[in-house]
file start21.tsv (TSV, C-alpha atoms)
chain	number	residue	atom	x	y	z
A	16	MET	CA	-12.20	-37.71	56.88
A	17	LEU	CA	-13.61	-35.82	59.86
A	18	SER	CA	-14.05	-32.68	57.75
A	19	ARG	CA	-16.95	-34.48	56.07
A	20	PHE	CA	-18.95	-34.02	59.26
A	21	PHE	CA	-17.67	-30.79	60.83
A	22	ASN	CA	-17.55	-27.20	59.55
A	23	ALA	CA	-14.57	-24.89	60.07
A	24	ASP	CA	-15.58	-23.71	63.55
A	25	ASP	CA	-16.53	-27.23	64.61
A	26	LEU	CA	-13.11	-28.48	63.54
A	27	ALA	CA	-11.55	-26.10	66.07
A	28	SER	CA	-13.38	-28.02	68.80
A	29	LEU	CA	-12.70	-31.46	67.33
A	30	PRO	CA	-9.78	-32.21	69.69
A	31	VAL	CA	-12.20	-31.88	72.61
A	32	LEU	CA	-14.60	-34.42	71.12
A	33	LEU	CA	-11.76	-36.78	70.24
A	34	ARG	CA	-10.37	-36.56	73.76
A	35	GLU	CA	-13.74	-37.14	75.37
A	36	VAL	CA	-15.24	-39.91	73.24
A	37	GLY	CA	-12.40	-41.27	71.08
A	38	LEU	CA	-11.98	-41.43	67.33
A	39	LEU	CA	-14.60	-44.07	66.52
A	40	ASP	CA	-17.37	-42.49	68.56
A	41	ALA	CA	-16.41	-39.03	67.27
A	42	LEU	CA	-16.85	-40.33	63.71
A	43	ARG	CA	-20.16	-41.97	64.57
A	44	VAL	CA	-21.49	-38.96	66.41
A	45	GLY	CA	-20.35	-36.64	63.63
A	46	ALA	CA	-22.07	-38.77	61.00
A	47	ARG	CA	-25.32	-38.90	62.98
A	48	VAL	CA	-25.33	-35.16	63.66
A	49	LYS	CA	-24.57	-34.37	60.01
A	50	ALA	CA	-27.35	-36.67	58.81
A	51	ALA	CA	-29.80	-35.11	61.28
A	52	VAL	CA	-28.90	-31.59	60.15
A	53	ASN	CA	-29.47	-32.64	56.54
A	54	ARG	CA	-32.95	-33.87	57.53
A	55	GLY	CA	-33.74	-30.45	58.96
A	56	GLU	CA	-33.43	-31.45	62.60
A	57	PRO	CA	-33.88	-30.33	65.29
A	58	TYR	CA	-36.41	-28.01	63.63
A	59	VAL	CA	-38.66	-30.45	61.78
A	60	GLY	CA	-42.27	-29.40	62.32
A	61	TRP	CA	-41.36	-25.96	63.64
A	62	PRO	CA	-42.96	-22.80	62.19
A	63	GLU	CA	-40.91	-20.93	59.64
A	64	PRO	CA	-38.38	-18.52	61.19
A	65	ALA	CA	-39.85	-15.10	61.85
A	66	ASP	CA	-36.90	-13.32	60.24
A	67	ALA	CA	-33.34	-13.75	59.00
A	68	LYS	CA	-31.90	-13.49	62.52
A	69	GLU	CA	-34.14	-16.29	63.71
A	70	ARG	CA	-33.19	-18.42	60.71
A	71	ASP	CA	-29.47	-17.83	61.18
A	72	SER	CA	-29.68	-18.37	64.95
A	73	ARG	CA	-31.29	-21.76	64.40
A	74	ALA	CA	-28.58	-22.68	61.92
A	75	GLN	CA	-25.85	-21.58	64.30
A	76	ILE	CA	-26.83	-23.80	67.23
A	77	GLY	CA	-28.70	-26.66	65.59
A	78	ALA	CA	-25.70	-28.97	65.45
A	79	ALA	CA	-24.89	-28.30	69.13
A	80	ILE	CA	-28.43	-29.26	70.14
A	81	LEU	CA	-28.14	-32.45	68.11
A	82	LEU	CA	-24.70	-33.19	69.54
A	83	TYR	CA	-26.05	-32.82	73.07
A	84	ARG	CA	-28.95	-35.15	72.34
A	85	ASP	CA	-26.66	-37.75	70.79
A	86	LEU	CA	-24.14	-37.56	73.63
A	87	THR	CA	-26.95	-37.87	76.16
A	88	ARG	CA	-27.82	-41.25	74.69
A	89	LEU	CA	-24.15	-42.17	74.63
A	90	ARG	CA	-22.95	-40.84	77.99
A	91	GLY	CA	-25.93	-39.61	80.01
A	92	ALA	CA	-27.23	-36.08	80.49
A	93	ASP	CA	-24.58	-34.74	82.89
A	94	GLU	CA	-21.61	-35.90	80.84
A	95	ALA	CA	-23.32	-34.85	77.62
A	96	LEU	CA	-23.80	-31.33	78.95
A	97	ARG	CA	-20.19	-31.10	80.13
A	98	ILE	CA	-18.76	-32.34	76.83
A	99	THR	CA	-21.08	-30.21	74.71
A	100	ARG	CA	-20.09	-27.17	76.74
A	101	GLU	CA	-16.41	-27.76	76.05
A	102	VAL	CA	-17.07	-28.36	72.36
A	103	VAL	CA	-19.19	-25.21	72.08
A	104	ILE	CA	-16.58	-23.09	73.87
A	105	GLU	CA	-13.87	-24.01	71.38
A	106	ALA	CA	-16.18	-23.51	68.40
A	107	ALA	CA	-17.32	-20.16	69.81
A	108	CYS	CA	-13.74	-18.96	70.24
A	109	ALA	CA	-13.01	-19.80	66.61
A	110	GLN	CA	-16.12	-17.93	65.55
A	111	LEU	CA	-15.27	-14.90	67.70
A	112	ARG	CA	-11.81	-14.75	66.14
A	113	ARG	CA	-13.47	-14.38	62.74
A	114	GLN	CA	-16.27	-12.04	63.79
A	115	ILE	CA	-14.35	-9.67	66.02
A	116	GLY	CA	-10.73	-10.03	65.03
A	117	PRO	CA	-7.94	-8.64	67.20
A	118	LEU	CA	-8.84	-5.98	69.77
A	119	ARG	CA	-5.91	-3.66	70.33
A	120	ARG	CA	-5.90	-0.52	72.46
A	121	GLU	CA	-3.55	1.25	70.03
A	122	MET	CA	-5.80	0.55	67.06
A	123	LEU	CA	-8.94	1.85	68.76
A	124	ALA	CA	-7.09	4.92	70.04
A	125	GLN	CA	-6.20	5.89	66.48
A	126	LEU	CA	-9.84	5.84	65.35
A	127	SER	CA	-12.15	8.80	65.50
A	128	GLU	CA	-15.34	8.59	67.57
A	129	ASP	CA	-17.39	7.86	64.44
A	130	GLU	CA	-14.90	5.25	63.27
A	131	ARG	CA	-14.97	3.48	66.64
A	132	THR	CA	-18.75	3.46	66.58
A	133	ARG	CA	-18.74	1.96	63.10
A	134	PHE	CA	-16.07	-0.57	64.13
A	135	ALA	CA	-18.18	-1.75	67.07
A	136	GLN	CA	-21.51	-1.80	65.28
A	137	GLU	CA	-20.16	-3.69	62.27
A	138	ARG	CA	-18.96	-6.45	64.58
A	139	GLY	CA	-22.11	-6.37	66.67
A	140	ASP	CA	-24.21	-6.91	63.55
A	141	LYS	CA	-22.47	-10.28	63.06
A	142	PHE	CA	-24.08	-11.67	66.21
A	143	VAL	CA	-27.25	-12.93	64.56
A	144	ASN	CA	-28.74	-14.20	67.81
A	145	ALA	CA	-28.67	-10.86	69.62
A	146	ASP	CA	-30.43	-7.52	69.58
A	147	MET	CA	-28.18	-5.03	71.32
A	148	VAL	CA	-28.03	-1.43	72.43
A	149	TRP	CA	-24.59	0.17	72.50
A	150	GLY	CA	-23.30	2.17	75.45
A	151	ASP	CA	-19.69	3.33	75.82
A	152	ILE	CA	-17.55	2.99	72.69
A	153	SER	CA	-14.17	4.44	73.58
A	154	ALA	CA	-10.48	3.73	73.19
A	155	THR	CA	-10.45	1.88	76.53
A	156	ALA	CA	-13.78	0.06	76.71
A	157	LEU	CA	-16.79	-1.13	74.77
A	158	SER	CA	-20.12	-1.66	76.50
A	159	PHE	CA	-23.47	-2.84	75.24
A	160	THR	CA	-26.67	-4.43	76.47
A	161	VAL	CA	-28.21	-7.45	74.78
A	162	THR	CA	-31.95	-6.90	75.01
A	163	ARG	CA	-32.86	-10.12	73.23
A	164	CYS	CA	-31.03	-13.39	72.67
A	165	ARG	CA	-32.68	-15.97	70.45
A	166	PHE	CA	-30.72	-18.96	71.74
A	167	PRO	CA	-32.65	-19.50	75.02
A	168	ALA	CA	-36.01	-19.57	73.24
A	169	ILE	CA	-34.69	-22.00	70.63
A	170	CYS	CA	-33.26	-24.30	73.30
A	171	ALA	CA	-36.49	-24.19	75.31
A	172	THR	CA	-38.61	-25.04	72.27
A	173	ALA	CA	-36.20	-27.86	71.38
A	174	GLY	CA	-36.69	-29.29	74.88
A	175	VAL	CA	-33.13	-28.59	76.06
A	176	PRO	CA	-33.35	-25.36	78.13
A	177	GLU	CA	-30.38	-26.51	80.21
A	178	LEU	CA	-28.19	-26.11	77.12
A	179	SER	CA	-28.83	-22.38	76.78
A	180	PRO	CA	-26.10	-21.10	79.19
A	181	VAL	CA	-23.52	-23.17	77.31
A	182	PHE	CA	-23.57	-20.64	74.49
A	183	CYS	CA	-22.48	-17.85	76.86
A	184	ALA	CA	-19.38	-19.72	77.98
A	185	GLY	CA	-17.27	-19.04	74.89
A	186	ASP	CA	-17.28	-15.29	75.55
A	187	ALA	CA	-15.64	-15.72	78.94
A	188	LYS	CA	-12.80	-17.77	77.51
A	189	PHE	CA	-12.24	-15.60	74.45
A	190	PHE	CA	-11.96	-12.30	76.28
A	191	GLY	CA	-8.94	-12.40	78.55
A	192	THR	CA	-7.55	-15.69	77.26
A	193	ILE	CA	-7.63	-15.75	73.47
A	194	GLU	CA	-7.59	-11.94	73.57
A	195	PRO	CA	-5.29	-11.45	76.57
A	196	GLU	CA	-5.32	-7.64	76.58
A	197	VAL	CA	-9.02	-7.35	77.35
A	198	GLU	CA	-11.41	-8.60	79.98
A	199	LEU	CA	-15.13	-9.19	79.92
A	200	LEU	CA	-17.35	-7.96	82.71
A	201	ARG	CA	-20.80	-9.50	82.59
A	202	GLY	CA	-23.29	-10.05	85.35
A	203	THR	CA	-26.47	-12.00	84.78
A	204	THR	CA	-27.51	-13.27	81.39
A	205	ILE	CA	-30.75	-13.93	79.57
A	206	ALA	CA	-29.77	-17.59	79.41
A	207	GLU	CA	-29.80	-17.65	83.21
A	208	GLY	CA	-33.21	-16.01	83.41
A	209	ALA	CA	-32.33	-12.31	83.44
A	210	ARG	CA	-34.19	-9.81	81.27
A	211	GLU	CA	-31.02	-8.66	79.52
A	212	CYS	CA	-27.27	-9.22	79.32
A	213	GLY	CA	-24.95	-6.34	80.17
A	214	PHE	CA	-21.49	-6.54	78.61
A	215	GLU	CA	-18.42	-4.42	79.25
A	216	ILE	CA	-15.26	-5.26	77.34
A	217	ARG	CA	-12.35	-3.22	78.62
A	218	PHE	CA	-8.62	-3.17	78.24
A	219	LYS	CA	-6.58	-4.35	81.20
A	220	GLN	CA	-4.43	-1.85	83.00
A	221	GLY	CA	-0.69	-1.98	82.76
call {"tool": "encode", "arguments": {"input": "start21.tsv", "output": "structure tokens"}}
result
Amino acid sequence: MLSRFFNADDLASLPVLLREVGLLDALRVGARVKAAVNRGEPYVGWPEPADAKERDSRAQIGAAILLYRDLTRLRGADEALRITREVVIEAACAQLRRQIGPLRREMLAQLSEDERTRFAQERGDKFVNADMVWGDISATALSFTVTRCRFPAICATAGVPELSPVFCAGDAKFFGTIEPEVELLRGTTIAEGARECGFEIRFKQG
């Protein structure tokens, strides 16, 4: 029944929503969000996307924006932000599993320099929200700088700028928890007002 309202990545986060709001409210919220997406919300009246990345970025976070708005009416802004964050983290981890796949030191070590570069860039291209410049691509670490993230601008235009950092939170859980052999080093982010996001993904010692 719930699969009528949630896509594959959303279903990964469904236990969070069920725990937080219960089955009946989860069904109601899911139905309202699905109906709003089908009406083109939250982008009704917006200019056409500038490019495919803008279009896909809108599609990727539209349901989260709508969920946050709906939960705000249901639970208030603070609780809505907390619950939406937890939902987004679980959905993001499911998405990262698909986009990145397993990161294993042994596998990267067996690749040539060109093969490692191709491996990294092919996965980086799947992040439709980000423009990135690659740095170190080695058998022990991957580093890159995100020079543009489309999510903060979308959230600001939608009137929910406070939601923007939520979309960074899934990375922190995925690297080092879902992928226990690696850790993510990241300082400031565009979502927090910085000009760029610096990422270093490196294998843990030992």
call {"tool": "closest_residue", "arguments": {"input": "start21.tsv", "among": "A:Leu38, A:Val148, A:Leu178, A:Leu33", "to": "Leu81 in chain A", "atoms": "all atoms listed in the file"}}
result
A:Leu178
call {"tool": "residues_around", "arguments": {"input": "start21.tsv", "residues": "range 132-139 of chain A", "least_positions_apart": "4", "cutoff": "12 Å", "atoms": "all atoms listed in the file", "output": "ChimeraX atom specification"}}
result
/A:110-118,122-123,126-128,143-154,156-161,214,216
call {"tool": "write_last_selection", "arguments": {"input": "start21.tsv", "atoms": "C-alpha atoms", "output": "PDB file, keeping the file's coordinate frame"}}
result
ATOM      1  CA  GLN A 110     -16.120 -17.930  65.550  1.00  0.00           C
ATOM      2  CA  LEU A 111     -15.270 -14.900  67.700  1.00  0.00           C
ATOM      3  CA  ARG A 112     -11.810 -14.750  66.140  1.00  0.00           C
ATOM      4  CA  ARG A 113     -13.470 -14.380  62.740  1.00  0.00           C
ATOM      5  CA  GLN A 114     -16.270 -12.040  63.790  1.00  0.00           C
ATOM      6  CA  ILE A 115     -14.350  -9.670  66.020  1.00  0.00           C
ATOM      7  CA  GLY A 116     -10.730 -10.030  65.030  1.00  0.00           C
ATOM      8  CA  PRO A 117      -7.940  -8.640  67.200  1.00  0.00           C
ATOM      9  CA  LEU A 118      -8.840  -5.980  69.770  1.00  0.00           C
ATOM     10  CA  MET A 122      -5.800   0.550  67.060  1.00  0.00           C
ATOM     11  CA  LEU A 123      -8.940   1.850  68.760  1.00  0.00           C
ATOM     12  CA  LEU A 126      -9.840   5.840  65.350  1.00  0.00           C
ATOM     13  CA  SER A 127     -12.150   8.800  65.500  1.00  0.00           C
ATOM     14  CA  GLU A 128     -15.340   8.590  67.570  1.00  0.00           C
ATOM     15  CA  VAL A 143     -27.250 -12.930  64.560  1.00  0.00           C
ATOM     16  CA  ASN A 144     -28.740 -14.200  67.810  1.00  0.00           C
ATOM     17  CA  ALA A 145     -28.670 -10.860  69.620  1.00  0.00           C
ATOM     18  CA  ASP A 146     -30.430  -7.520  69.580  1.00  0.00           C
ATOM     19  CA  MET A 147     -28.180  -5.030  71.320  1.00  0.00           C
ATOM     20  CA  VAL A 148     -28.030  -1.430  72.430  1.00  0.00           C
ATOM     21  CA  TRP A 149     -24.590   0.170  72.500  1.00  0.00           C
ATOM     22  CA  GLY A 150     -23.300   2.170  75.450  1.00  0.00           C
ATOM     23  CA  ASP A 151     -19.690   3.330  75.820  1.00  0.00           C
ATOM     24  CA  ILE A 152     -17.550   2.990  72.690  1.00  0.00           C
ATOM     25  CA  SER A 153     -14.170   4.440  73.580  1.00  0.00           C
ATOM     26  CA  ALA A 154     -10.480   3.730  73.190  1.00  0.00           C
ATOM     27  CA  ALA A 156     -13.780   0.060  76.710  1.00  0.00           C
ATOM     28  CA  LEU A 157     -16.790  -1.130  74.770  1.00  0.00           C
ATOM     29  CA  SER A 158     -20.120  -1.660  76.500  1.00  0.00           C
ATOM     30  CA  PHE A 159     -23.470  -2.840  75.240  1.00  0.00           C
ATOM     31  CA  THR A 160     -26.670  -4.430  76.470  1.00  0.00           C
ATOM     32  CA  VAL A 161     -28.210  -7.450  74.780  1.00  0.00           C
ATOM     33  CA  PHE A 214     -21.490  -6.540  78.610  1.00  0.00           C
ATOM     34  CA  ILE A 216     -15.260  -5.260  77.340  1.00  0.00           C
TER      35      ILE A 216
END
call {"tool": "residues_around", "arguments": {"input": "start21.tsv", "residues": "Gly185 in chain A", "least_positions_apart": "6", "cutoff": "8 Å", "atoms": "all atoms listed in the file", "output": "list in words"}}
result
Val103, Ile104, Glu105, Ala106, Ala107 and Cys108 of chain A
call {"tool": "atom_distance", "arguments": {"input": "start21.tsv", "atom1": "CA of Ala41 in chain A", "atom2": "CA of Asp186 in chain A"}}
result
25.2 Å
call {"tool": "residues_around", "arguments": {"input": "start21.tsv", "residues": "range 53-70 of chain A", "least_positions_apart": "6", "cutoff": "12 Å", "atoms": "only C-alpha atoms", "output": "count of residues only"}}
result
32
call {"tool": "axis_aligned_box", "arguments": {"input": "start21.tsv", "around": "range 205-212 of chain A", "padding_each_side": "3 Å", "output": "lines of an AutoDock Vina configuration file"}}
result
center_x = -30.7
center_y = -13.2
center_z = 81.4
size_x = 12.9
size_y = 15.0
size_z = 10.1
call {"tool": "atom_distance", "arguments": {"input": "start21.tsv", "atom1": "CA of Phe189 in chain A", "atom2": "CA of Gly91 in chain A"}}
result
28.2 Å
call {"tool": "closest_residue", "arguments": {"input": "start21.tsv", "among": "A:Cys183, A:Val52, A:Leu89, A:Ala124", "to": "Glu101 in chain A", "atoms": "only C-alpha atoms"}}
result
A:Cys183
call {"tool": "atom_distance", "arguments": {"input": "start21.tsv", "atom1": "CA of Leu29 in chain A", "atom2": "CA of Val181 in chain A"}}
result
16.9 Å
call {"tool": "closest_residue", "arguments": {"input": "start21.tsv", "among": "A:Arg210, A:Ala27, A:Phe218, A:Phe190", "to": "Glu121 in chain A", "atoms": "all atoms listed in the file"}}
result
A:Phe218
